[in-house]
Each structure stands twice: as structure tokens, then as C-alpha cells.
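The file upload_34.cif contains mmCIF, C-alpha atoms and all ligand atoms:
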```
data_entry
loop_
_atom_site.label_atom_id
_atom_site.label_comp_id
_atom_site.auth_asym_id
_atom_site.auth_seq_id
_atom_site.Cartn_x
_atom_site.Cartn_y
_atom_site.Cartn_z
CA MET A 1 90.90 63.94 165.87
CA THR A 2 87.99 66.03 167.12
CA ASN A 3 84.40 65.43 165.98
CA GLN A 4 84.62 68.95 164.57
CA ASN A 5 86.50 67.90 161.44
CA LEU A 6 85.21 64.35 160.91
CA ARG A 7 81.86 63.57 159.30
CA LEU A 8 80.75 59.95 159.24
CA HIS A 9 78.00 59.36 156.67
CA ASN A 10 76.39 56.00 157.26
CA HIS A 11 72.87 56.30 155.90
CA PRO A 12 71.33 52.82 155.26
CA LEU A 13 71.57 53.33 151.47
CA ILE A 14 75.27 54.16 151.85
CA GLN A 15 75.85 51.03 153.95
CA ARG A 16 74.00 48.91 151.39
CA ASP A 17 76.13 50.23 148.51
CA MET A 18 79.36 49.99 150.49
CA THR A 19 78.66 46.27 150.98
CA LEU A 20 78.39 45.82 147.22
CA LEU A 21 81.65 47.73 146.74
CA ARG A 22 83.54 45.56 149.23
CA ASP A 23 82.26 42.30 147.74
CA LYS A 24 85.13 40.78 145.77
CA THR A 25 82.68 39.25 143.27
CA THR A 26 81.33 42.68 142.22
CA PRO A 27 82.45 43.17 138.61
CA SER A 28 84.15 46.32 137.37
CA PRO A 29 81.10 47.96 135.66
CA ILE A 30 78.98 47.54 138.81
CA PHE A 31 81.91 48.68 140.97
CA ARG A 32 82.18 51.91 138.96
CA ALA A 33 78.42 52.51 138.98
CA THR A 34 78.34 51.96 142.75
CA ILE A 35 81.18 54.42 143.36
CA LYS A 36 79.28 56.96 141.28
CA ASN A 37 76.14 56.42 143.35
CA LEU A 38 78.04 56.64 146.64
CA ALA A 39 79.77 59.82 145.47
CA ARG A 40 76.37 61.40 144.87
CA TYR A 41 75.31 60.54 148.42
CA ILE A 42 78.52 61.69 150.13
CA VAL A 43 78.78 64.94 148.15
CA TYR A 44 75.16 65.69 149.02
CA GLU A 45 75.91 65.05 152.69
CA ALA A 46 79.11 67.14 152.58
CA ALA A 47 77.19 70.02 151.01
CA ALA A 48 75.27 70.37 154.30
CA ASP A 49 78.17 72.54 155.53
CA LEU A 50 77.82 75.11 152.74
CA ALA A 51 77.02 78.72 153.61
CA LEU A 52 73.89 80.29 152.10
CA ALA A 53 73.19 83.80 150.84
CA ASP A 54 69.84 85.52 150.35
CA GLU A 55 68.26 85.15 146.91
CA PRO A 56 65.13 87.27 146.35
CA VAL A 57 62.60 85.80 143.89
CA GLU A 58 59.03 86.59 142.85
CA THR A 59 56.48 83.84 143.32
CA PRO A 60 53.28 84.17 141.24
CA LEU A 61 51.76 85.86 144.32
CA GLY A 62 54.55 88.11 145.54
CA PRO A 63 58.13 88.53 146.70
CA PHE A 64 60.02 85.85 148.62
CA THR A 65 63.50 85.92 150.08
CA GLY A 66 64.95 82.57 149.22
CA CYS A 67 68.56 81.43 149.23
CA ARG A 68 71.40 80.29 147.07
CA ILE A 69 74.75 78.66 147.80
CA ALA A 70 76.95 81.59 148.83
CA THR A 71 79.95 80.62 146.73
CA GLN A 72 79.89 80.41 142.94
CA ASN A 73 83.18 78.53 143.05
CA ILE A 74 82.67 74.87 143.83
CA VAL A 75 85.63 72.76 142.74
CA LEU A 76 85.68 68.97 142.49
CA ALA A 77 89.24 67.65 142.73
CA PRO A 78 89.43 63.92 141.95
CA ILE A 79 92.69 62.14 142.79
CA LEU A 80 93.59 59.91 139.83
CA ARG A 81 92.72 57.24 139.14
CA ALA A 82 89.94 55.99 141.39
CA GLY A 83 88.66 59.47 142.21
CA LEU A 84 87.60 59.79 138.57
CA CYS A 85 84.73 57.38 139.23
CA MET A 86 83.31 59.83 141.78
CA ILE A 87 83.03 62.74 139.34
CA ASP A 88 79.75 61.90 137.63
CA GLY A 89 77.95 61.33 140.93
CA ALA A 90 79.34 64.63 142.25
CA PHE A 91 78.18 66.40 139.08
CA GLU A 92 74.62 65.30 139.85
CA VAL A 93 74.80 67.45 142.98
CA PHE A 94 76.90 70.29 141.49
CA PRO A 95 76.43 70.29 137.69
CA TYR A 96 78.27 73.61 137.30
CA ALA A 97 81.27 72.71 139.44
CA GLN A 98 84.78 73.09 138.07
CA VAL A 99 86.88 69.91 137.96
CA ARG A 100 90.59 70.11 138.81
CA HIS A 101 92.32 66.76 138.39
CA ILE A 102 95.13 65.76 140.72
CA GLY A 103 97.40 63.01 139.38
CA LEU A 104 99.08 61.09 142.21
CA TYR A 105 100.04 57.46 142.60
CA ARG A 106 101.51 55.61 145.53
CA ASP A 107 105.01 54.28 145.01
CA GLU A 108 104.57 50.56 145.72
CA THR A 109 107.77 50.29 147.76
CA THR A 110 107.85 53.50 149.76
CA LEU A 111 104.04 54.04 149.79
CA LYS A 112 104.82 57.74 149.27
CA PRO A 113 102.68 59.70 146.80
CA VAL A 114 104.23 60.61 143.44
CA GLU A 115 102.78 63.64 141.63
CA TYR A 116 102.41 63.24 137.85
CA TYR A 117 99.62 65.61 136.76
CA VAL A 118 98.51 68.90 138.32
CA LYS A 119 97.32 71.70 136.10
CA ILE A 120 95.61 74.11 138.45
CA PRO A 121 96.01 77.92 138.31
CA ALA A 122 98.49 79.38 140.79
CA GLU A 123 95.66 80.97 142.78
CA LEU A 124 91.97 80.07 143.04
CA ALA A 125 89.17 82.51 143.97
CA ALA A 126 89.05 83.44 147.65
CA ASP A 127 85.60 81.89 148.18
CA THR A 128 86.45 78.56 146.50
CA VAL A 129 85.15 75.44 148.22
CA VAL A 130 87.01 72.29 147.16
CA TYR A 131 85.79 68.72 147.49
CA ILE A 132 88.73 66.35 147.05
CA LEU A 133 87.42 63.01 145.79
CA ASP A 134 89.19 59.69 146.42
CA PRO A 135 87.53 56.47 147.55
CA MET A 136 90.46 55.44 149.78
CA LEU A 137 92.28 57.12 152.68
CA ALA A 138 94.98 54.57 153.54
CA THR A 139 98.37 55.86 154.82
CA GLY A 140 97.07 59.40 154.19
CA GLY A 141 100.03 60.31 151.97
CA SER A 142 97.98 61.01 148.83
CA ALA A 143 95.35 63.00 150.71
CA ILE A 144 97.98 65.14 152.47
CA ALA A 145 99.75 65.80 149.16
CA ALA A 146 96.46 66.80 147.49
CA VAL A 147 95.61 69.23 150.29
CA ASP A 148 99.16 70.67 150.11
CA ILE A 149 98.68 71.26 146.37
CA LEU A 150 95.40 73.13 146.96
CA LYS A 151 96.65 75.16 149.91
CA ARG A 152 99.56 76.37 147.76
CA ARG A 153 96.79 77.84 145.55
CA GLN A 154 95.35 79.74 148.54
CA VAL A 155 92.24 77.55 148.94
CA LYS A 156 90.72 78.15 152.37
CA GLU A 157 87.84 75.65 152.51
CA ILE A 158 88.75 72.06 151.73
CA HIS A 159 86.71 68.91 152.27
CA PHE A 160 88.31 65.50 151.76
CA LEU A 161 85.67 62.98 150.67
CA CYS A 162 86.46 59.27 150.76
CA LEU A 163 84.45 56.09 151.07
CA ILE A 164 86.75 54.07 153.36
CA ALA A 165 89.30 55.50 155.79
CA SER A 166 91.91 53.76 157.90
CA PRO A 167 92.47 54.95 161.48
CA GLU A 168 96.12 55.62 160.55
CA GLY A 169 95.22 57.74 157.53
CA MET A 170 92.64 59.74 159.43
CA ALA A 171 95.12 60.51 162.19
CA LYS A 172 97.87 61.53 159.72
CA LEU A 173 95.59 63.71 157.61
CA SER A 174 93.98 65.50 160.54
CA GLU A 175 97.39 66.07 162.14
CA ALA A 176 98.87 67.50 158.92
CA HIS A 177 95.77 69.54 158.06
CA PRO A 178 93.61 70.10 161.15
CA ASP A 179 91.61 72.81 159.37
CA ILE A 180 90.03 70.60 156.69
CA THR A 181 86.93 68.45 157.03
CA ILE A 182 87.16 64.70 156.39
CA HIS A 183 84.06 62.90 155.18
CA THR A 184 83.89 59.11 155.07
CA THR A 185 81.30 56.36 155.23
CA CYS A 186 83.36 54.20 157.60
CA VAL A 187 86.66 53.80 159.40
CA ASP A 188 88.05 50.29 158.94
CA GLU A 189 90.25 48.28 161.30
CA ARG A 190 93.82 49.04 160.17
CA LEU A 191 96.38 48.94 157.37
CA ASP A 192 98.14 45.73 156.39
CA GLU A 193 101.92 45.47 155.85
CA ASN A 194 101.49 46.64 152.22
CA GLY A 195 99.51 49.73 153.17
CA TYR A 196 96.13 48.27 152.16
CA ILE A 197 93.06 48.94 154.26
CA LEU A 198 91.68 45.93 156.14
CA PRO A 199 89.09 44.69 155.43
CA GLY A 200 88.72 47.48 152.84
CA LEU A 201 87.82 46.66 149.28
CA GLY A 202 91.20 45.92 147.69
CA ASP A 203 92.74 48.17 145.07
CA ALA A 204 90.16 50.79 144.15
CA GLY A 205 91.93 51.93 140.96
CA ASP A 206 92.39 48.42 139.64
CA ARG A 207 88.84 47.36 140.46
CA SER A 208 87.49 50.54 138.85
CA PHE A 209 89.43 50.21 135.62
CA ASN A 210 89.71 46.42 135.36
CA THR A 211 93.50 46.43 135.60
CA GLY A 212 94.02 43.95 138.43
CA GLU A 213 96.48 41.77 136.53
C1 LIG A 301 94.99 54.66 145.77
C2 LIG A 301 93.78 55.45 146.20
C3 LIG A 301 94.40 56.67 146.83
C4 LIG A 301 95.65 56.12 147.45
C5 LIG A 301 95.44 56.01 148.92
O1 LIG A 301 95.51 55.16 144.60
O2 LIG A 301 92.87 55.74 145.17
O3 LIG A 301 94.69 57.71 145.91
O4 LIG A 301 95.87 54.83 146.88
O5 LIG A 301 96.59 55.57 149.55
P1 LIG A 301 97.39 56.45 150.60
O6 LIG A 301 96.39 57.02 151.55
O7 LIG A 301 98.29 55.44 151.25
O8 LIG A 301 98.16 57.50 149.86
P2 LIG A 301 96.84 54.57 143.92
O9 LIG A 301 98.03 55.25 144.51
O10 LIG A 301 96.80 53.07 144.00
O11 LIG A 301 96.76 55.08 142.42
P3 LIG A 301 95.94 54.48 141.20
O12 LIG A 301 94.49 54.44 141.59
O13 LIG A 301 96.18 55.44 140.10
O14 LIG A 301 96.47 53.12 140.92
N1 LIG A 302 94.69 52.14 147.83
C1 LIG A 302 93.67 51.30 147.53
O1 LIG A 302 93.15 51.31 146.41
N2 LIG A 302 93.25 50.45 148.48
C2 LIG A 302 93.78 50.39 149.70
O2 LIG A 302 93.33 49.59 150.53
C3 LIG A 302 94.84 51.28 149.99
C4 LIG A 302 95.26 52.14 149.04
#
```
What would you get if you wrote out this structure as C-alpha cells?
Ligand code: PRP
Ligand code: URA
Amino acid sequence: MTNQNLRLHNHPLIQRDMTLLRDKTTPSPIFRATIKNLARYIVYEAAADLALADEPVETPLGPFTGCRIATQNIVLAPILRAGLCMIDGAFEVFPYAQVRHIGLYRDETTLKPVEYYVKIPAELAADTVVYILDPMLATGGSAIAAVDILKRRQVKEIHFLCLIASPEGMAKLSEAHPDITIHTTCVDERLDENGYILPGLGDAGDRSFNTGE
């Protein structure tokens, strides 16, 4: 993977919150609130790549050529379930973004992604910028499937935003989709035999929704 398509966001506030997220004693409500907060930070950081267009305004003393985000079509695409917790933080950066949910789960035996909910128009506007939201990039299967779904809708600019990536997932995703940008706060050591990231944070969906039975 080249540095061109990887962005590592490790601001001290991000590292502080990631520690809370990894802590196994962090309860579900705090876990969700922390994902929301981290999503706000990482979406803000990812937005640094956005193109600008001129926006003329009048100050009380005269004209000024300011700027606006060039595209009017920002799409947030959370991968269910854990990506849902990133939406509210992302909305704080882009309150007028569209949200396009992508329902995928990992089959526990094969670790392959299974699609169960995608309701996105057959074609999105040519200048659409999509931020896929999912806290975990493990084997990379879910991320690759989500990008496939969006590329079938002619999306040209795709950013995959996660909180923890595995080296294996990063390699797979950048090989399958070298044209997208991957944003993460850290790259952990490796996957275990069940496809979990080590040391990771455990099961993000279960910890988010209190379903770790
Ligand atoms: C988790 C996570 C990712 C996926 C990553 O979801 O939120 O979507 O696993 O794994 P991968 O890179 O190996 O595909 P999960 O499939 O557990 O779904 P859930 O949150 O709905 O339980
Ligand atoms: N999904 C998770 O929630 N956690 C992992 O470590 C891997 C996949």
C-alpha cells in the first residue's frame, strides 16, 4: 500500500478515546458515545481532502471571494451494525449529508460478508463523495463488498473510514480497490484464527448494542 491512499489519524484526543474504546470495562453507553466522538474527529480529518469552489460573499465592508465545498453531494454510508454509531458524529461535520445504509454481516464460519440491506439508487450524482463508516477493518471482506456496491452506482470518490485496521484487511482492501482512500486511527498487530483484530477491541457491533451474549 502506498502512502497515497492511507491516512493515519492519531491526534492525541483520538488516541485518548481509542484507549477508552479498547478497554473491556467500558460499558455500552460510553462505548457508543466514544465511537460517535471518534467519528466526528475522523470525518473532520478525512474532509481535509475535499475540493473547494469559490463562493463570493459581501462582508459589511465589501466583497470577498470565499469558498465552499465543491460538491453538494456528500454521502455517509454506514455498514450495519457498528457503523450506525458513527453517523451522529459524522452529522456534526456534515449536517446536510445523505445517509445510505449498507447492511452486511460476516458469516461466522466463512468470514465472508453477507448482504442483507442495500437500498441505494442505481446511479449517484457524478460529483458524489462517499464516506463509508465502519469501526473495524478486519479481513477486509465487508469493506470490499461495500466499495463494490458503491462503484456499481458509478461513485468515483470513496473514502473508507474505520477506527482500527488489521494489516491483512488494509492489504486486501487496497489491492481490491487501489483508487479509494483508507482512513484509520491505527493499524493493529494481526487477525486471530477467528478473524478478530488483535489486540483490537472485540466485537464492535455487540459492544455497541449490548448483545454480547
Ligand atoms: C463487523 C464490523 C465490520 C466487519 C469487519 O461487523 O463492524 O463490518 O465485522 O470484518 P471484515 O473486515 O472481516 O469483513 P459484523 O460482520 O460483526 O456485523 P454486525 O456488527 O452486524 O454484527
Ligand atoms: N469485527 C469486529 O467487530 N471486531 C473484529 O475484531 C473483527 C471484526
Checklist line | Sel. within 9 Å of pt (99.2, 80.3, 141.1), counting all atoms listed in the file, output as a list in words | finding: Ile120, Pro121, Ala122, Glu123, Leu124, Arg152, Arg153 and Gln154 of chain A
Next item on the list: Could you report the residues within 6 Å of ligand LIG 301 (chain A), using only C-alpha atoms and all ligand atoms, as an NGL selection string?
Entry: :A and (79-82 or 105-106 or 113 or 134-142 or 204-205)
Note to self: I'd like the neighbourhood of A:Leu21 as a list in words, where a residue qualifies if any of its atoms comes within 12 Å (using all atoms listed in the file), though same-chain residues fewer than 6 positions away should be ignored.
What the structure shows: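 The filter keeps Ile14, Gln15, Pro27, Ser28, Pro29, Ile30, Phe31, Arg32, Ala33, Thr34, Ile35, Lys36, Asn37, Leu38, Pro135, Leu163, Ile164, Pro199, Gly200, Leu201, Gly202, Asp203, Ala204, Arg207 and Ser208 of chain A.
For the pair atom CA of A:Leu76 and atom CA of A:Glu55, the separation is 24.2 Å.
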Item checked: Polymer residues at most 12 Å from A:Ala171, all atoms listed in the file, same-chain spacing of 3 or more positions, as a ChimeraX atom specification -> /A:1-2,5-6,137-141,143-144,165-168,174-178,182,187,190
Check: What's the 12 Å shell around A:Asn10, counting only C-alpha atoms, without same-chain residues fewer than 2 positions away, as a PyMOL selection string?
Finding: chain A and resi 7-8+12-19+38+41-42+45+163-164+183-187
May I have the residues from that selection written out with C-alpha atoms, as a PDB file, in the coordinates of the input?
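What follows is the written file result_29.pdb:
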```pdb
ATOM      1  CA  ARG A   7      81.860  63.570 159.300  1.00  0.00           C
ATOM      2  CA  LEU A   8      80.750  59.950 159.240  1.00  0.00           C
ATOM      3  CA  PRO A  12      71.330  52.820 155.260  1.00  0.00           C
ATOM      4  CA  LEU A  13      71.570  53.330 151.470  1.00  0.00           C
ATOM      5  CA  ILE A  14      75.270  54.160 151.850  1.00  0.00           C
ATOM      6  CA  GLN A  15      75.850  51.030 153.950  1.00  0.00           C
ATOM      7  CA  ARG A  16      74.000  48.910 151.390  1.00  0.00           C
ATOM      8  CA  ASP A  17      76.130  50.230 148.510  1.00  0.00           C
ATOM      9  CA  MET A  18      79.360  49.990 150.490  1.00  0.00           C
ATOM     10  CA  THR A  19      78.660  46.270 150.980  1.00  0.00           C
ATOM     11  CA  LEU A  38      78.040  56.640 146.640  1.00  0.00           C
ATOM     12  CA  TYR A  41      75.310  60.540 148.420  1.00  0.00           C
ATOM     13  CA  ILE A  42      78.520  61.690 150.130  1.00  0.00           C
ATOM     14  CA  GLU A  45      75.910  65.050 152.690  1.00  0.00           C
ATOM     15  CA  LEU A 163      84.450  56.090 151.070  1.00  0.00           C
ATOM     16  CA  ILE A 164      86.750  54.070 153.360  1.00  0.00           C
ATOM     17  CA  HIS A 183      84.060  62.900 155.180  1.00  0.00           C
ATOM     18  CA  THR A 184      83.890  59.110 155.070  1.00  0.00           C
ATOM     19  CA  THR A 185      81.300  56.360 155.230  1.00  0.00           C
ATOM     20  CA  CYS A 186      83.360  54.200 157.600  1.00  0.00           C
ATOM     21  CA  VAL A 187      86.660  53.800 159.400  1.00  0.00           C
TER      22      VAL A 187
END
```
Checklist line | Closest of A:Cys67, A:Val155, A:Ala126, A:Leu198 to ligand LIG 302 (chain A) - atom-to-atom distances counting all atoms listed in the file | finding: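 Between A:Cys67, A:Val155, A:Ala126, A:Leu198, the residue approaching ligand LIG 302 (chain A) most closely is A:Leu198.
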Next item on the list: Can you work out the spacing between atom CA of A:Phe160 and atom CA of A:Gly212 in Å, to one decimal?
Entry: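 Separating atom CA of A:Phe160 from atom CA of A:Gly212 is a distance of 26.0 Å.
Nearest-residue note for A:Asp206: choosing from A:Cys85, A:Asp127, A:Asp107, A:Ala46, the minimum distance belongs to A:Cys85, counting all atoms listed in the file.
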Item checked: Point-to-point distance from atom CA of A:Lys112 to atom CA of A:Ala145, Å rounded to tenths ->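 So the two atoms, atom CA of A:Lys112 and atom CA of A:Ala145, lie 9.5 Å apart.
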Next item on the list: List the neighbours of stretch 99-102 of chain A out to 10 Å using all atoms listed in the file; skip same-chain residues closer than 2 positions along the sequence, and give me the result as a ChimeraX atom specification.
Entry: /A:74-81,83-84,87,91,96-97,104-105,115-121,130-133,142,145-146,149-150
Note to self: Calculated over all atoms listed in the file, which of the candidates A:Glu213, A:Glu108, A:Glu157, A:Asp179 has the smallest distance to ligand LIG 302 (chain A)?
What the structure shows: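 Of A:Glu213, A:Glu108, A:Glu157, A:Asp179, the one nearest ligand LIG 302 (chain A), counting all atoms listed in the file, is A:Glu108.
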Note to self: Counting all atoms listed in the file, I want the residues whose atoms come within 12 Å of (79.5, 75.2, 157.7) in the file frame, returned as number ranges by chain.
What the structure shows: A: 4-5, 7, 45-52, 69-70, 129, 157-159, 180-181
Note to self: Considering all atoms listed in the file, can you say which of A:Thr71, A:Asn194, A:Thr109, A:Thr25 comes closest to ligand LIG 302 (chain A)?
What the structure shows: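 Among A:Thr71, A:Asn194, A:Thr109, A:Thr25, it is A:Asn194 that comes nearest to ligand LIG 302 (chain A).
When all atoms listed in the file are used to measure the gap to ligand LIG 302 (chain A), the shortest distance among A:Met170, A:Val43, A:Leu111, A:Ala53 belongs to A:Leu111.
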Show me, as lines of an AutoDock Vina configuration file, the centre and edge lengths in Å to one decimal of the axis-aligned box that covers every listed atom of stretch 167-177 of chain A with 6 Å on each side.
```
center_x = 95.7
center_y = 62.2
center_z = 159.9
size_x = 18.4
size_y = 26.6
size_z = 16.7
```
Pull stretch 26-45 of chain A out of the block and emit N, CA, C and O atoms, as a PDB file, in the first residue's frame.
```
ATOM      1  N   THR A  26     -15.220  -0.735  29.523  1.00  0.00           N
ATOM      2  CA  THR A  26     -16.053   0.396  29.073  1.00  0.00           C
ATOM      3  C   THR A  26     -17.467  -0.105  28.754  1.00  0.00           C
ATOM      4  O   THR A  26     -17.639  -0.977  27.901  1.00  0.00           O
ATOM      5  N   PRO A  27     -18.470   0.436  29.433  1.00  0.00           N
ATOM      6  CA  PRO A  27     -19.830  -0.066  29.207  1.00  0.00           C
ATOM      7  C   PRO A  27     -20.414   0.435  27.888  1.00  0.00           C
ATOM      8  O   PRO A  27     -19.939   1.424  27.316  1.00  0.00           O
ATOM      9  N   SER A  28     -21.474  -0.245  27.446  1.00  0.00           N
ATOM     10  CA  SER A  28     -22.046   0.026  26.129  1.00  0.00           C
ATOM     11  C   SER A  28     -22.409   1.505  25.875  1.00  0.00           C
ATOM     12  O   SER A  28     -22.091   2.041  24.810  1.00  0.00           O
ATOM     13  N   PRO A  29     -23.056   2.207  26.825  1.00  0.00           N
ATOM     14  CA  PRO A  29     -23.408   3.611  26.527  1.00  0.00           C
ATOM     15  C   PRO A  29     -22.178   4.485  26.299  1.00  0.00           C
ATOM     16  O   PRO A  29     -22.183   5.364  25.424  1.00  0.00           O
ATOM     17  N   ILE A  30     -21.106   4.219  27.065  1.00  0.00           N
ATOM     18  CA  ILE A  30     -19.875   5.021  26.901  1.00  0.00           C
ATOM     19  C   ILE A  30     -19.177   4.603  25.607  1.00  0.00           C
ATOM     20  O   ILE A  30     -18.605   5.433  24.893  1.00  0.00           O
ATOM     21  N   PHE A  31     -19.247   3.313  25.297  1.00  0.00           N
ATOM     22  CA  PHE A  31     -18.657   2.800  24.049  1.00  0.00           C
ATOM     23  C   PHE A  31     -19.291   3.516  22.854  1.00  0.00           C
ATOM     24  O   PHE A  31     -18.602   4.031  21.973  1.00  0.00           O
ATOM     25  N   ARG A  32     -20.626   3.577  22.850  1.00  0.00           N
ATOM     26  CA  ARG A  32     -21.331   4.246  21.731  1.00  0.00           C
ATOM     27  C   ARG A  32     -20.974   5.732  21.656  1.00  0.00           C
ATOM     28  O   ARG A  32     -20.723   6.273  20.582  1.00  0.00           O
ATOM     29  N   ALA A  33     -20.961   6.387  22.808  1.00  0.00           N
ATOM     30  CA  ALA A  33     -20.663   7.827  22.833  1.00  0.00           C
ATOM     31  C   ALA A  33     -19.238   8.085  22.340  1.00  0.00           C
ATOM     32  O   ALA A  33     -18.965   9.084  21.665  1.00  0.00           O
ATOM     33  N   THR A  34     -18.337   7.156  22.664  1.00  0.00           N
ATOM     34  CA  THR A  34     -16.935   7.335  22.260  1.00  0.00           C
ATOM     35  C   THR A  34     -16.774   7.109  20.762  1.00  0.00           C
ATOM     36  O   THR A  34     -16.032   7.831  20.085  1.00  0.00           O
ATOM     37  N   ILE A  35     -17.509   6.133  20.218  1.00  0.00           N
ATOM     38  CA  ILE A  35     -17.460   5.936  18.756  1.00  0.00           C
ATOM     39  C   ILE A  35     -17.979   7.189  18.066  1.00  0.00           C
ATOM     40  O   ILE A  35     -17.415   7.659  17.068  1.00  0.00           O
ATOM     41  N   LYS A  36     -19.051   7.753  18.600  1.00  0.00           N
ATOM     42  CA  LYS A  36     -19.609   8.978  17.997  1.00  0.00           C
ATOM     43  C   LYS A  36     -18.549  10.088  17.978  1.00  0.00           C
ATOM     44  O   LYS A  36     -18.331  10.762  16.969  1.00  0.00           O
ATOM     45  N   ASN A  37     -17.886  10.255  19.109  1.00  0.00           N
ATOM     46  CA  ASN A  37     -16.874  11.305  19.221  1.00  0.00           C
ATOM     47  C   ASN A  37     -15.719  11.074  18.245  1.00  0.00           C
ATOM     48  O   ASN A  37     -15.270  11.991  17.542  1.00  0.00           O
ATOM     49  N   LEU A  38     -15.265   9.808  18.176  1.00  0.00           N
ATOM     50  CA  LEU A  38     -14.160   9.474  17.272  1.00  0.00           C
ATOM     51  C   LEU A  38     -14.571   9.664  15.817  1.00  0.00           C
ATOM     52  O   LEU A  38     -13.762  10.076  14.980  1.00  0.00           O
ATOM     53  N   ALA A  39     -15.845   9.362  15.521  1.00  0.00           N
ATOM     54  CA  ALA A  39     -16.319   9.536  14.144  1.00  0.00           C
ATOM     55  C   ALA A  39     -16.253  11.010  13.756  1.00  0.00           C
ATOM     56  O   ALA A  39     -15.876  11.355  12.633  1.00  0.00           O
ATOM     57  N   ARG A  40     -16.617  11.870  14.703  1.00  0.00           N
ATOM     58  CA  ARG A  40     -16.542  13.314  14.418  1.00  0.00           C
ATOM     59  C   ARG A  40     -15.106  13.708  14.067  1.00  0.00           C
ATOM     60  O   ARG A  40     -14.858  14.419  13.090  1.00  0.00           O
ATOM     61  N   TYR A  41     -14.151  13.206  14.847  1.00  0.00           N
ATOM     62  CA  TYR A  41     -12.749  13.552  14.597  1.00  0.00           C
ATOM     63  C   TYR A  41     -12.281  13.010  13.238  1.00  0.00           C
ATOM     64  O   TYR A  41     -11.638  13.709  12.458  1.00  0.00           O
ATOM     65  N   ILE A  42     -12.601  11.758  12.952  1.00  0.00           N
ATOM     66  CA  ILE A  42     -12.019  11.132  11.752  1.00  0.00           C
ATOM     67  C   ILE A  42     -12.691  11.671  10.491  1.00  0.00           C
ATOM     68  O   ILE A  42     -12.042  11.847   9.457  1.00  0.00           O
ATOM     69  N   VAL A  43     -13.989  11.993  10.587  1.00  0.00           N
ATOM     70  CA  VAL A  43     -14.660  12.582   9.418  1.00  0.00           C
ATOM     71  C   VAL A  43     -14.087  13.979   9.165  1.00  0.00           C
ATOM     72  O   VAL A  43     -13.823  14.366   8.015  1.00  0.00           O
ATOM     73  N   TYR A  44     -13.865  14.719  10.229  1.00  0.00           N
ATOM     74  CA  TYR A  44     -13.251  16.053  10.087  1.00  0.00           C
ATOM     75  C   TYR A  44     -11.890  15.933   9.401  1.00  0.00           C
ATOM     76  O   TYR A  44     -11.583  16.668   8.454  1.00  0.00           O
ATOM     77  N   GLU A  45     -11.091  14.979   9.858  1.00  0.00           N
ATOM     78  CA  GLU A  45      -9.764  14.788   9.261  1.00  0.00           C
ATOM     79  C   GLU A  45      -9.879  14.369   7.795  1.00  0.00           C
ATOM     80  O   GLU A  45      -9.149  14.859   6.935  1.00  0.00           O
TER      81      GLU A  45
END
```
